[in-house]
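Asks: Got a structure for you, written out below as structure tokens; questions coming shortly.
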Amino acid sequence: EIFDRTAVLGLNPTVLVYRSEINLANNDIFQLLTDPCWQLGMSTIGLDPSTDKVEVLSKISEATKSDPQLLASRTRLITGGREDPNAPKGRNQYGWIMERQEVDLLLTFQSNAIDAVADNPTLHFTQLPLSIRVVGQFGIGVSVDARREIKEVYDWLLSTEGKNVLKQNGLEHS
């Protein structure tokens, strides 16, 4: 057996990060996502390299009855640090790209959105409708022969204090 213990740390839903000049109250999220006047970006969440299919884009296309090829063709995939140019030291990749490279809307995990908004206060984020939301499940495992210190970190992450820190950083309890 490889693992002595395993646990789910939390769920990380996809959200929509948007520029402050976009009035979300006056716009339907589906309308925003499919309107070609807005530059759409997406971190590589839900990307299945074997099919080159992006789950959240497929869900958006299905919900809006829009052309999936067209939506995919106008969506910039952002790899979160493997871009060229990369964000300057001390800047969040997503917050910087939205500021400097004309990305208006960004689909990403909530944990990334929290960091992007902290880096760039002109950004906001909102939950996606359930029909198009993709949720990442993040877990942890400790090997049988792990050092005591590693097992202590594992235990701390599952404690009330650890769960609160994870929640503050975007992970919801499963």
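For the structure tokens, the naming scheme is as follows: chains receive sequential letters (A, B, ...) according to their order of presentation, residues are indexed from 1 within each chain, and ligands are indexed from 1 in presentation order.
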Give me, as a PyMOL selection string, all polymer residues having an atom no more than 10 Å from Arg19 of chain A, counting only C-alpha atoms and skipping those fewer than 6 positions away in the same chain.
Replies: chain A and resi 95+98-99+102-106+117+120-125
Asks: When DSSP works through the backbone of this structure, what residues of segment 31-152 of chain A end up as strand (DSSP E), shown as number ranges by chain?
Replies: A: 40-43, 47-48, 53-54, 75-78, 105-109, 123-127, 135-143
Asks: Output the selection as a CSV table (one decimal), in the first residue's frame - C-alpha atoms for each residue.
Replies:
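Produced file out_37.csv, reproduced below:
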chain,number,residue,atom,x,y,z
A,40,LEU,CA,-12.4,35.6,-22.4
A,41,GLY,CA,-9.5,33.8,-20.7
A,42,MET,CA,-9.5,30.6,-18.9
A,43,SER,CA,-6.9,28.9,-16.7
A,47,LEU,CA,-8.6,20.5,-19.7
A,48,ASP,CA,-8.4,17.0,-20.9
A,53,LYS,CA,-11.8,19.4,-24.7
A,54,VAL,CA,-12.5,21.9,-22.0
A,75,THR,CA,-10.9,31.8,-25.4
A,76,ARG,CA,-7.3,32.4,-24.4
A,77,LEU,CA,-5.9,29.5,-22.3
A,78,ILE,CA,-3.8,30.8,-19.5
A,105,LEU,CA,-13.3,37.8,-18.1
A,106,LEU,CA,-11.4,34.8,-16.7
A,107,LEU,CA,-12.7,31.4,-15.8
A,108,THR,CA,-10.6,29.9,-13.1
A,109,PHE,CA,-10.7,28.1,-9.7
A,123,LEU,CA,-10.9,42.8,-10.3
A,124,HIS,CA,-13.9,41.0,-8.8
A,125,PHE,CA,-15.2,37.4,-8.9
A,126,THR,CA,-18.5,35.7,-8.7
A,127,GLN,CA,-19.7,32.1,-8.6
A,135,VAL,CA,-15.4,21.7,-9.2
A,136,GLY,CA,-11.9,20.5,-8.6
A,137,GLN,CA,-11.5,18.1,-5.7
A,138,PHE,CA,-8.2,18.5,-3.9
A,139,GLY,CA,-6.9,15.8,-1.6
A,140,ILE,CA,-3.8,14.7,0.3
A,141,GLY,CA,-2.2,11.5,1.0
A,142,VAL,CA,0.5,10.4,3.4
A,143,SER,CA,2.8,7.5,2.6
Asks: Determine the nearest neighbour of Ile150 of chain A from the options A:Gln101, A:Ser111, A:Pro85, A:Arg5, counting only C-alpha atoms.
Replies: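 Checking each candidate against Ile150 of chain A, we get A:Arg5 as the closest.
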Asks: Ranking A:Asp84, A:Asp115, A:Glu55, A:Asp67 by minimum distance to Asn169 of chain A and counting only C-alpha atoms, which one comes first?
Replies: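 Between A:Asp84, A:Asp115, A:Glu55, A:Asp67, the residue approaching Asn169 of chain A most closely is A:Asp115.
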Asks: Identify which of the residues A:Leu33, A:Ile60, A:Ala7, A:Val15 lies closest to Ala116 of chain A, counting only C-alpha atoms when measuring atom-to-atom distances.
Replies: A:Val15
Asks: Out of A:Thr64, A:Thr44, A:Thr160, A:Asn86, which residue has the shortest atom-to-atom distance to Ile29 of chain A when counting only C-alpha atoms?
Replies: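 Ranked by minimum distance to Ile29 of chain A, first place goes to A:Thr64.
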